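Structure file model-v1.cif (mmCIF, C-alpha atoms) is printed below.
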data_model
#
loop_
_atom_site.label_atom_id
_atom_site.label_comp_id
_atom_site.auth_asym_id
_atom_site.auth_seq_id
_atom_site.Cartn_x
_atom_site.Cartn_y
_atom_site.Cartn_z
CA MET A 1 -79.84 -19.49 140.31
CA ASP A 2 -78.58 -17.34 137.50
CA GLN A 3 -75.11 -15.93 136.85
CA GLU A 4 -76.05 -12.31 137.55
CA PHE A 5 -77.31 -13.30 141.00
CA GLN A 6 -74.10 -15.26 141.66
CA ARG A 7 -71.94 -12.29 140.62
CA ILE A 8 -73.84 -9.96 142.96
CA ILE A 9 -73.34 -12.11 146.05
CA GLU A 10 -70.15 -14.13 145.46
CA ASP A 11 -67.82 -11.94 147.56
CA ILE A 12 -70.17 -12.10 150.55
CA LEU A 13 -70.68 -15.85 150.23
CA ALA A 14 -66.91 -16.40 150.24
CA HIS A 15 -66.33 -14.36 153.41
CA PRO A 16 -65.34 -16.58 156.38
CA GLN A 17 -67.66 -14.79 158.82
CA PHE A 18 -70.59 -15.26 156.46
CA GLN A 19 -69.68 -18.95 156.09
CA GLU A 20 -70.08 -19.30 159.87
CA LEU A 21 -73.84 -18.83 159.38
CA ARG A 22 -73.96 -22.41 158.04
CA SER A 23 -73.78 -23.68 161.62
CA VAL A 24 -76.43 -21.36 163.11
CA PRO A 25 -79.93 -22.93 163.21
CA HIS A 26 -82.80 -20.77 162.00
CA HIS A 27 -86.59 -21.26 161.82
CA GLY A 28 -86.38 -24.87 162.92
CA GLY A 29 -85.87 -28.06 160.99
CA ASP A 30 -82.57 -28.48 159.14
CA ASN A 31 -82.54 -24.84 158.12
CA SER A 32 -79.51 -22.66 158.86
CA LEU A 33 -79.09 -18.91 158.90
CA TYR A 34 -76.92 -19.30 155.80
CA ILE A 35 -79.68 -21.09 153.86
CA HIS A 36 -82.28 -18.58 155.05
CA SER A 37 -80.10 -15.64 153.98
CA VAL A 38 -79.35 -17.05 150.52
CA ASP A 39 -83.03 -17.95 149.98
CA THR A 40 -84.10 -14.46 151.06
CA ALA A 41 -81.54 -12.87 148.71
CA TRP A 42 -82.78 -15.04 145.81
CA CYS A 43 -86.41 -14.14 146.56
CA ALA A 44 -85.57 -10.41 146.83
CA TYR A 45 -83.55 -10.57 143.60
CA ARG A 46 -86.45 -12.17 141.72
CA MET A 47 -88.97 -9.68 143.17
CA ALA A 48 -86.78 -6.67 142.33
CA ARG A 49 -86.44 -7.84 138.74
CA ARG A 50 -90.16 -8.54 138.51
CA PHE A 51 -90.86 -5.02 139.83
CA HIS A 52 -88.55 -3.64 137.10
CA MET A 53 -86.17 -2.02 139.55
CA SER A 54 -82.99 -0.56 138.05
CA PRO A 55 -79.95 -2.89 137.90
CA GLU A 56 -78.31 -0.80 140.65
CA ARG A 57 -81.35 -1.25 142.94
CA VAL A 58 -81.58 -4.98 142.12
CA ARG A 59 -77.95 -5.34 143.21
CA SER A 60 -78.54 -3.21 146.30
CA VAL A 61 -81.58 -5.13 147.56
CA THR A 62 -80.03 -8.52 146.77
CA ARG A 63 -76.93 -7.76 148.84
CA ALA A 64 -79.01 -6.24 151.65
CA ALA A 65 -81.21 -9.35 151.68
CA LEU A 66 -78.18 -11.62 151.90
CA LEU A 67 -76.92 -9.63 154.91
CA HIS A 68 -80.24 -8.93 156.66
CA ASP A 69 -79.62 -11.49 159.45
CA PHE A 70 -75.83 -11.04 159.70
CA PHE A 71 -76.10 -9.93 163.34
CA GLY A 72 -73.15 -11.95 164.66
CA TYR A 73 -74.44 -13.66 167.79
CA ASN A 74 -76.40 -16.77 168.69
CA TRP A 75 -79.64 -15.51 170.19
CA HIS A 76 -80.39 -19.02 171.46
CA SER A 77 -77.21 -19.06 173.59
CA GLU A 78 -76.93 -18.77 177.34
CA ASP A 79 -74.66 -15.74 176.88
CA TYR A 80 -77.44 -13.89 175.05
CA ARG A 81 -79.97 -14.86 177.75
CA ARG A 82 -77.59 -13.59 180.46
CA ARG A 83 -77.20 -10.22 178.71
CA LYS A 84 -80.96 -9.87 178.34
CA ARG A 85 -81.44 -10.34 182.12
CA PHE A 86 -79.93 -6.88 182.72
CA TYR A 87 -83.11 -5.34 181.32
CA SER A 88 -86.59 -5.34 182.79
CA GLY A 89 -90.06 -4.21 181.81
CA LEU A 90 -90.53 -2.51 178.45
CA ARG A 91 -86.78 -2.10 178.00
CA ARG A 92 -86.39 -5.89 178.17
CA ILE A 93 -89.01 -6.33 175.45
CA THR A 94 -87.45 -3.69 173.18
CA HIS A 95 -84.05 -5.41 173.56
CA MET A 96 -85.35 -8.79 172.42
CA HIS A 97 -83.73 -10.29 169.35
CA ALA A 98 -86.67 -9.60 167.02
CA PHE A 99 -86.47 -5.87 167.77
CA ILE A 100 -82.68 -5.34 167.69
CA HIS A 101 -81.09 -7.77 165.26
CA GLY A 102 -81.79 -5.71 162.12
CA ALA A 103 -79.84 -2.72 163.41
CA MET A 104 -77.04 -4.96 164.65
CA ALA A 105 -76.86 -6.77 161.30
CA ALA A 106 -76.73 -3.45 159.43
CA ARG A 107 -73.83 -2.19 161.57
CA ARG A 108 -71.86 -5.43 161.24
CA ALA A 109 -72.49 -5.76 157.49
CA ASP A 110 -71.51 -2.13 156.94
CA ARG A 111 -68.20 -2.64 158.78
CA LEU A 112 -67.30 -5.69 156.68
CA PHE A 113 -68.85 -4.92 153.28
CA GLY A 114 -69.54 -1.18 153.14
CA LEU A 115 -73.26 -0.58 152.61
CA SER A 116 -75.17 2.31 151.11
CA GLN A 117 -77.64 4.20 153.30
CA ARG A 118 -80.53 2.52 151.43
CA GLN A 119 -79.09 -0.92 152.22
CA ARG A 120 -78.57 -0.04 155.91
CA ASP A 121 -82.16 1.22 156.09
CA ALA A 122 -83.47 -1.93 154.40
CA ILE A 123 -81.62 -4.26 156.77
CA THR A 124 -82.59 -2.21 159.83
CA SER A 125 -86.30 -2.20 158.94
CA HIS A 126 -86.70 -5.77 157.60
CA MET A 127 -88.55 -6.85 160.77
CA PHE A 128 -91.35 -4.31 160.28
CA PRO A 129 -93.71 -3.95 162.20
CA LEU A 130 -91.27 -4.79 165.04
CA ALA A 131 -88.72 -2.44 163.46
CA PRO A 132 -88.97 1.01 161.86
CA VAL A 133 -91.24 1.45 158.84
CA PRO A 134 -89.40 0.66 155.59
CA ARG A 135 -88.67 3.96 153.81
CA ASN A 136 -87.40 2.92 150.39
CA SER A 137 -88.12 0.35 147.69
CA GLU A 138 -85.21 -1.88 148.73
CA ALA A 139 -86.51 -1.96 152.30
CA TRP A 140 -90.03 -2.95 151.22
CA VAL A 141 -88.76 -5.67 148.87
CA LEU A 142 -86.44 -7.07 151.56
CA THR A 143 -89.21 -7.01 154.17
CA LEU A 144 -91.58 -8.86 151.85
CA ALA A 145 -88.94 -11.38 150.72
CA ASP A 146 -87.99 -12.17 154.32
CA LYS A 147 -91.64 -12.71 155.28
CA VAL A 148 -92.20 -15.02 152.28
CA VAL A 149 -89.10 -17.12 152.97
CA ALA A 150 -89.59 -17.24 156.76
CA SER A 151 -93.24 -18.26 156.35
CA ARG A 152 -92.23 -21.10 154.05
CA GLU A 153 -89.49 -22.25 156.44
CA VAL A 154 -91.73 -22.16 159.50
CA GLY A 155 -94.50 -23.94 157.55
CA GLU A 156 -92.07 -26.70 156.54
CA THR A 157 -90.90 -27.04 160.14
CA VAL A 158 -94.46 -27.28 161.45
CA GLY A 159 -95.21 -29.88 158.77
CA LEU A 160 -92.15 -31.86 159.85
CA HIS A 161 -93.24 -31.82 163.49
CA MET A 162 -96.80 -32.80 162.56
CA SER A 163 -95.55 -35.76 160.49
CA ARG A 164 -93.39 -36.95 163.38
CA LEU A 165 -96.32 -36.61 165.78
CA ARG A 166 -98.61 -38.60 163.47
CA ARG A 167 -95.98 -41.36 163.14
CA LYS A 168 -95.62 -41.52 166.93
CA LYS A 169 -99.39 -41.78 167.39
CA ARG A 170 -99.66 -44.54 164.76
CA ALA A 171 -96.82 -46.46 166.41
CA ALA A 172 -98.47 -46.07 169.84
CA ARG A 173 -101.82 -47.35 168.46
CA ARG A 174 -100.12 -50.39 166.89
CA ALA A 175 -98.28 -51.15 170.11
CA ALA A 176 -101.50 -50.97 172.17
#
Once you've parsed the file, please lay out its structure as structure tokens.
Amino acid sequence: MDQEFQRIIEDILAHPQFQELRSVPHHGGDNSLYIHSVDTAWCAYRMARRFHMSPERVRSVTRAALLHDFFGYNWHSEDYRRRKRFYSGLRRITHMHAFIHGAMAARRADRLFGLSQRQRDAITSHMFPLAPVPRNSEAWVLTLADKVVASREVGETVGLHMSRLRRKKRAARRAA
């Protein structure tokens, strides 16, 4: 990763609440929310530069990408499941993590790091089509970068599970 990228994100990476993301699992395997966020920021940074975005927009989308999943709760926890039980029908669906975490991450990131409107919009819409339509270049780059990184992570996790399954089957055949 290059020095410009490091300069753009170093204050966020050093923040204690952002460091907590290291312990939050994400997309299976050994992946954490911290790793996912840094990888997404790196991907968005490279895309923004490749698309010849202005230095200000490169910085904006990189920081938004780093904070896009900074929602501040463990959606796998029993506490989250308990809160979700208060809703039913369509309201329960629209309050699922995939639909709400972008807006929650944007609010939390704005409180701690002070975001521009374009960054808030990008973070809020990064789950398109489950979230609002991206309305600026940063939002589209972030949405694309997140899909690229998440697809790779899920693919690696599926590959890991398939390898383990094949090993189990081979061991069972040898034992039989």
Could you tell me which residues the PyMOL selection byres ((chain A and resi 139) around 12) returns for this structure, as a ChimeraX atom specification? /A:44,48,57-58,60-65,68,102,117-128,131-138,140-146
Go ahead and save the residues from that selection, with C-alpha atoms, as a PDB file, in the frame of the given file.
ATOM      1  CA  ALA A  44     -85.570 -10.410 146.830  1.00  0.00           C
ATOM      2  CA  ALA A  48     -86.780  -6.670 142.330  1.00  0.00           C
ATOM      3  CA  ARG A  57     -81.350  -1.250 142.940  1.00  0.00           C
ATOM      4  CA  VAL A  58     -81.580  -4.980 142.120  1.00  0.00           C
ATOM      5  CA  SER A  60     -78.540  -3.210 146.300  1.00  0.00           C
ATOM      6  CA  VAL A  61     -81.580  -5.130 147.560  1.00  0.00           C
ATOM      7  CA  THR A  62     -80.030  -8.520 146.770  1.00  0.00           C
ATOM      8  CA  ARG A  63     -76.930  -7.760 148.840  1.00  0.00           C
ATOM      9  CA  ALA A  64     -79.010  -6.240 151.650  1.00  0.00           C
ATOM     10  CA  ALA A  65     -81.210  -9.350 151.680  1.00  0.00           C
ATOM     11  CA  HIS A  68     -80.240  -8.930 156.660  1.00  0.00           C
ATOM     12  CA  GLY A 102     -81.790  -5.710 162.120  1.00  0.00           C
ATOM     13  CA  GLN A 117     -77.640   4.200 153.300  1.00  0.00           C
ATOM     14  CA  ARG A 118     -80.530   2.520 151.430  1.00  0.00           C
ATOM     15  CA  GLN A 119     -79.090  -0.920 152.220  1.00  0.00           C
ATOM     16  CA  ARG A 120     -78.570  -0.040 155.910  1.00  0.00           C
ATOM     17  CA  ASP A 121     -82.160   1.220 156.090  1.00  0.00           C
ATOM     18  CA  ALA A 122     -83.470  -1.930 154.400  1.00  0.00           C
ATOM     19  CA  ILE A 123     -81.620  -4.260 156.770  1.00  0.00           C
ATOM     20  CA  THR A 124     -82.590  -2.210 159.830  1.00  0.00           C
ATOM     21  CA  SER A 125     -86.300  -2.200 158.940  1.00  0.00           C
ATOM     22  CA  HIS A 126     -86.700  -5.770 157.600  1.00  0.00           C
ATOM     23  CA  MET A 127     -88.550  -6.850 160.770  1.00  0.00           C
ATOM     24  CA  PHE A 128     -91.350  -4.310 160.280  1.00  0.00           C
ATOM     25  CA  ALA A 131     -88.720  -2.440 163.460  1.00  0.00           C
ATOM     26  CA  PRO A 132     -88.970   1.010 161.860  1.00  0.00           C
ATOM     27  CA  VAL A 133     -91.240   1.450 158.840  1.00  0.00           C
ATOM     28  CA  PRO A 134     -89.400   0.660 155.590  1.00  0.00           C
ATOM     29  CA  ARG A 135     -88.670   3.960 153.810  1.00  0.00           C
ATOM     30  CA  ASN A 136     -87.400   2.920 150.390  1.00  0.00           C
ATOM     31  CA  SER A 137     -88.120   0.350 147.690  1.00  0.00           C
ATOM     32  CA  GLU A 138     -85.210  -1.880 148.730  1.00  0.00           C
ATOM     33  CA  TRP A 140     -90.030  -2.950 151.220  1.00  0.00           C
ATOM     34  CA  VAL A 141     -88.760  -5.670 148.870  1.00  0.00           C
ATOM     35  CA  LEU A 142     -86.440  -7.070 151.560  1.00  0.00           C
ATOM     36  CA  THR A 143     -89.210  -7.010 154.170  1.00  0.00           C
ATOM     37  CA  LEU A 144     -91.580  -8.860 151.850  1.00  0.00           C
ATOM     38  CA  ALA A 145     -88.940 -11.380 150.720  1.00  0.00           C
ATOM     39  CA  ASP A 146     -87.990 -12.170 154.320  1.00  0.00           C
TER      40      ASP A 146
END
Give as number ranges by chain each residue that has an atom at most 12 Å from (-77.1, -16.7, 149.8) in the file, counting all atoms listed in the file. A: 1, 5-15, 18-19, 21-22, 32-45, 62-70
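Using only C-alpha atoms, the nearest neighbour of A:Val148 within the list A:Ser163, A:Met47, A:Gln17, A:Asp30 is A:Met47.
The closest residue to A:Met104, picked from A:Arg152, A:Gly89, A:Ser116, A:Phe71 and counting only C-alpha atoms, is A:Phe71.
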Record the distance separating atom CA of A:Pro25 and atom CA of A:Phe113, expressed in Å with one decimal. 23.4 Å
Could you tell me how far atom CA of A:Arg59 lies from atom CA of A:Ala105, in Å and to one decimal? 18.2 Å
Repaired coordinates for stretch 10-29 of chain A (N, CA, C and O atoms) as a CSV table (one decimal), keeping the file's coordinate frame:
chain,number,residue,atom,x,y,z
A,10,GLU,N,-71.3,-13.2,145.3
A,10,GLU,CA,-70.2,-14.1,145.5
A,10,GLU,C,-69.1,-13.7,146.5
A,10,GLU,O,-68.6,-14.5,147.3
A,11,ASP,N,-68.8,-12.4,146.6
A,11,ASP,CA,-67.8,-11.9,147.6
A,11,ASP,C,-68.3,-12.1,149.0
A,11,ASP,O,-67.5,-12.5,149.9
A,12,ILE,N,-69.6,-11.9,149.2
A,12,ILE,CA,-70.2,-12.1,150.6
A,12,ILE,C,-70.2,-13.6,150.9
A,12,ILE,O,-69.8,-14.0,152.0
A,13,LEU,N,-70.6,-14.4,150.0
A,13,LEU,CA,-70.7,-15.8,150.2
A,13,LEU,C,-69.3,-16.4,150.6
A,13,LEU,O,-69.2,-17.4,151.4
A,14,ALA,N,-68.3,-15.9,150.0
A,14,ALA,CA,-66.9,-16.4,150.2
A,14,ALA,C,-66.3,-15.9,151.6
A,14,ALA,O,-65.3,-16.5,152.0
A,15,HIS,N,-66.9,-14.9,152.2
A,15,HIS,CA,-66.3,-14.4,153.4
A,15,HIS,C,-66.4,-15.4,154.6
A,15,HIS,O,-67.5,-15.9,154.8
A,16,PRO,N,-65.3,-15.6,155.3
A,16,PRO,CA,-65.3,-16.6,156.4
A,16,PRO,C,-66.4,-16.3,157.4
A,16,PRO,O,-67.0,-17.3,158.0
A,17,GLN,N,-66.6,-15.1,157.8
A,17,GLN,CA,-67.7,-14.8,158.8
A,17,GLN,C,-69.1,-15.1,158.3
A,17,GLN,O,-69.9,-15.5,159.1
A,18,PHE,N,-69.3,-14.9,157.0
A,18,PHE,CA,-70.6,-15.3,156.5
A,18,PHE,C,-70.7,-16.8,156.4
A,18,PHE,O,-71.8,-17.3,156.7
A,19,GLN,N,-69.7,-17.5,156.1
A,19,GLN,CA,-69.7,-19.0,156.1
A,19,GLN,C,-70.1,-19.5,157.5
A,19,GLN,O,-70.6,-20.6,157.5
A,20,GLU,N,-69.7,-18.8,158.5
A,20,GLU,CA,-70.1,-19.3,159.9
A,20,GLU,C,-71.6,-19.5,160.1
A,20,GLU,O,-72.0,-20.2,160.9
A,21,LEU,N,-72.4,-18.7,159.3
A,21,LEU,CA,-73.8,-18.8,159.4
A,21,LEU,C,-74.4,-20.2,159.0
A,21,LEU,O,-75.5,-20.6,159.4
A,22,ARG,N,-73.6,-21.0,158.4
A,22,ARG,CA,-74.0,-22.4,158.0
A,22,ARG,C,-74.3,-23.2,159.3
A,22,ARG,O,-75.1,-24.2,159.2
A,23,SER,N,-73.6,-22.9,160.4
A,23,SER,CA,-73.8,-23.7,161.6
A,23,SER,C,-74.8,-23.1,162.6
A,23,SER,O,-75.0,-23.6,163.7
A,24,VAL,N,-75.5,-22.0,162.2
A,24,VAL,CA,-76.4,-21.4,163.1
A,24,VAL,C,-77.8,-21.8,162.7
A,24,VAL,O,-78.3,-21.5,161.6
A,25,PRO,N,-78.6,-22.5,163.6
A,25,PRO,CA,-79.9,-22.9,163.2
A,25,PRO,C,-80.9,-21.7,163.1
A,25,PRO,O,-80.7,-20.7,163.8
A,26,HIS,N,-81.9,-21.9,162.2
A,26,HIS,CA,-82.8,-20.8,162.0
A,26,HIS,C,-84.1,-21.3,161.5
A,26,HIS,O,-84.2,-22.1,160.6
A,27,HIS,N,-85.2,-20.9,162.2
A,27,HIS,CA,-86.6,-21.3,161.8
A,27,HIS,C,-86.8,-22.8,161.9
A,27,HIS,O,-87.7,-23.3,161.1
A,28,GLY,N,-86.1,-23.5,162.7
A,28,GLY,CA,-86.4,-24.9,162.9
A,28,GLY,C,-86.0,-25.8,161.8
A,28,GLY,O,-85.4,-25.4,160.8
A,29,GLY,N,-86.2,-27.1,162.0
A,29,GLY,CA,-85.9,-28.1,161.0
A,29,GLY,C,-84.4,-28.1,160.8
A,29,GLY,O,-83.6,-27.9,161.6
